[in-house]
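Written below as structure tokens is the structure these notes are about.
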Amino acid sequence: MSELLKNLNEAQRAAVVNYESPSLIVAGAGSGKTRVLTSRIAYMIEQGVQPWRILAMTFTNKAANEMRERITAMIPETLSPLQARYIWMGTFHSIFLKILRMEADKLGYPSSFTIYDTSDSRNLIKTIVKEMNLPDDHYKPNAIQSRISLAKNNLVTPAAYEANPSYTAEDRQHKIPDFIEVYKAYMRRCKDNAAMDFDDMLLNINILFRDFPDVLAKYQERFQYILVDEYQDTNYAQYVIIRRLADKHHKVCVVGDDAQSIYSFRGAKIENILKFRNDFPQAQVFKLEQNYRSTQNIVGAANSIIEKNKNRLDKASFSKGDKGALIKVMKAYTDQEEASLVADEVRSLARGGAKWSEIALLYRTNMQSRGFEEAFRRRGIPYRIYGGMSFYQRKEVKDMMAYMQLIVNPNDDVAFRRIVNYPTRGIGDTTVGRLAQAALSKGQSIWNFVTTGDLKEAGLNGGAERKVKDFVALIESLSQERATMTLYEFGLNVATKSGIIGSYKIENTPEAQSALQNIEELLNSMQLFSEQQQAEMQFDPATGEPLEGVKVEPSVTEWLQSVALLTDMDEQEEDREKVTLMTIHSAKGLEFKYVFIVGLEENLFPSMMSMDAADGLEEERRLFYVALTRAMEKAYLSFSEMRFKWGSMEFCSPSRFLSEIDPKYLDMAFDLSEAGDRDRPAETIRKNYGDHNERARESYDRPGGRGQYRPAGEQRPPWERRSEPSKQMPRYEAPRPVEGPGSRFKSMGTRVAKPENEVATVSHAVADSGEFKVGQRVMHSKFGIGTISHIEHFGGDRKITVLFDDQAAGKKTLLSKYAKLAIVG
DNA sequence: TATGATATCCTTTTT
DNA sequence: GGATATCATA
């Protein structure tokens, strides 16, 4: 028996060996899915399959790289582990991008086309909506963008969209009857700009395969074996691509877990995995049900949750490991206290011998990271936050990239607009508007018009014309100098000649400092890329023959392409000894000894948004399942009774998921039904809340954090000039009478005007003088007017439930001390 | 045209 | 609360 098969259980081995038949591998959490996939590929190579016949697709670069490494390690020395290099392995997007670059001309694109990320494409949508003079209260960029994305992910081209009356009816209903025109214009402009967005990569591959059968045939022949990881998260466009490619050899193997389908918001279709056998009736199904990762308790708890879902494949996950510790449920009164409790628990784990890197904190939304970050920093717990804004999305980095993109692809209007007046060079909105208008009417790109057209005709005066010409000269000279430079020198040249570095130096704020550091880091990465490319270049990627002495400086295009699909997760982090903070979505596929799942409250997890989606709640439940099954030894769940949300303190009730878990798996020292109803001393609330102010002040100290502008001549930053020591209890303003009917509310609860050089100590005026009673009409600064439906005592304060007139606001329970409520006559 | 102050919107998850 | 759009002012 091959060495490769020795360490596999029976089900796993069957899944590895039967590589010639279409296969559905249903792999529960922690069931050795990656091991099966990598073993299968290594085994195929061992059996003589040529590696370049294998196409293996994942969702993240990280997963792809890891798999390639593991396969390399598995292939016996005698067979040359380097063969693993020739497997086509990568993310859907990266592989299709590679193909699209090669076949670009067939679709009418240059092969150096630009990739628009979400913010680029949103910018383009904004300009289009503006140009078409559509009312922007209904034509919201985000909504338009997600609708376009949805259409593309379902392979609905503008023509198909227009032909379908149900789509257009929906648009009329949503008061965006001209959506189709925006969609058309957006597609056209992307093409004119020689740009593709993320969804275009999938759509265009499909168009390519549909319209060029010879091209399809070529790739069908090349990719005789197709493997797809996380199949439950594929969308329709990806599904069709897979089917097309597999249409010749039918040797497709998909791996997934329906219980872990968590990307329907991105168009993923759980049906793809549920109905795989309809598409490939000869498919063999392999079920990997033994969980090797987690304790029995964790697996049991996770199962008890997922059983509540209806839409599932039949599968029973089990663990033969230790019974393990119960899942600890923690309750906090405020979100800050939650952070403190969790941080304390983390610290005591570490004292008990746990490594920081074995601990992860998972949350539903990125914004939740903030409080934990603060609590961790106070205790000196090292942590690393994934997600949120990645390096390549930062403004200064995007600006740099836009310069390079414009040089590579001058037709990129989005890049042009981004940098034509950055750093400011006196080319304002009016000028850019005129240029864009003229370009549009001539059917040219802005750059095209600016370099060949008559600027006076476009309505520019002499001054504006000069400035525009200067800009053109700048770009052209940067472009020409490129030939004489290394990639790194070119980057540096862009950074200096453009004036970006100069403007940050003048600004000389902490933000400017950190921007400069990021630019430096970008330049370093260009240098690194050059070196890596030159090392890579010594092999011919087609034959594998080493090419002696070939050293080619990579082009700017190659550099831009290499970073287009990078995400935060891909950054190599040498410094691994840190606690991990990330969203549950990002955590899929990872495992940690100790896992904290925080913010288990209704409307947060499950998210409010999920409630109206058809399968929304089930998907949230799967998300919870994913979160729980990340834990190997011990899981912790936490929630809070109050949370600072959208600028005000709100009450929360514990997540329904807490009561859905079979209680025998839980270590919970309280009754869930009590949560939210318990009286508690005002003191504690005040203490927690007081922390909040103090925290905000401290956070300015963090390096690279949000700094404050310090006027010249002030030697000490404002937060050090505070007269009062922060130790004492925060003061509250004495309650004052509520202003009469029709009064202005701007003074209610807004920040107390602060004298110069003093940080406001307490920012909430109290609008409570005992006049609140059930039935009273009140006004809230965020939610508008409503009627009090319930009042109860809460410590030294009162909880007031208000039914707001605004349907969207609905019913809220507020703490009268913090709610900015005013009485309406 | 650039800038700072004020109003308004948006709040999920991401390749 | 925070990011962005708009407005008012120099």
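Identifiers in this document derive from the order of the structure tokens: chains are assigned A, B, ..., residues are numbered from 1 separately in each chain, and ligands are numbered from 1 in order of occurrence.
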
Problem set entry | Contact residues (chain A, partner chain C, 12 Å, only C-alpha atoms (C1' of nucleotides)) as a list in words |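 Output check: Asp136, Met367, Arg370, Phe644, Lys645, Trp646, Gly647, Ser648, Met649, Ala696 and Lys782 of chain A.
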
Which residues of chain A sit at most 8 Å from chain B, using only C-alpha atoms (C1' of nucleotides)? Give each one's shortest atom pair and distance in Å (one decimal place), in chain and ascending residue order, as a tab-separated table.
residue	atom	partner	partner_atom	distance
A:Phe59	CA	B:DT15	C1'	6.8
A:Thr60	CA	B:DT15	C1'	7.3
A:His93	CA	B:DT15	C1'	6.9
A:Phe198	CA	B:DT15	C1'	7.4
A:Tyr263	CA	B:DT13	C1'	7.5
A:Phe265	CA	B:DT13	C1'	7.6
A:Arg266	CA	B:DT14	C1'	7.8
A:Arg364	CA	B:DT12	C1'	7.3
A:Thr365	CA	B:DT12	C1'	6.1
A:Gly426	CA	B:DT1	C1'	6.5
A:Ile427	CA	B:DT1	C1'	7.9
A:Gly428	CA	B:DT1	C1'	6.1
A:Leu565	CA	B:DT15	C1'	7.7
A:Thr583	CA	B:DT13	C1'	7.9
A:His585	CA	B:DT13	C1'	6.2
A:Ser607	CA	B:DT12	C1'	6.9
A:Met609	CA	B:DT12	C1'	7.2
A:Trp646	CA	B:DT11	C1'	7.9

Exercise. CA of Leu590 (chain A) to CA of Tyr292 (chain A): how many Å, to one decimal?
Worked result: 13.4 Å

Problem set entry | Leu478 (chain A) surroundings by only C-alpha atoms (C1' of nucleotides), 8 Å radius, close-in-sequence under 5 positions cut, as a ChimeraX atom specification | /A:407,490,493-494,497

Exercise. What's the 9 Å shell around Val182 (chain A), counting only C-alpha atoms (C1' of nucleotides), without same-chain residues fewer than 5 positions away, as a PyMOL selection string?
Worked result: chain A and resi 125+128-129+132+144+187

Exercise. Looking only at the backbone, which of the residues in region 437-582 of chain A does DSSP tag as alpha helix (DSSP H), as a ChimeraX atom specification?
Worked result: /A:437-442,446-452,462-481,487-497,500-507,510-536,556-564

For this session: Looking only at strand (DSSP E or B) from DSSP on the backbone, list the matching residues of region 47-173 of chain A as a ChimeraX atom specification.
Result: /A:54-58,88-91,114-116

Problem set entry | Selection: 9 Å around Ile500 (chain A), only C-alpha atoms (C1' of nucleotides), excl. self and same-chain fewer than 6 positions, as a PyMOL selection string | chain A and resi 396+399-400+422-423+494
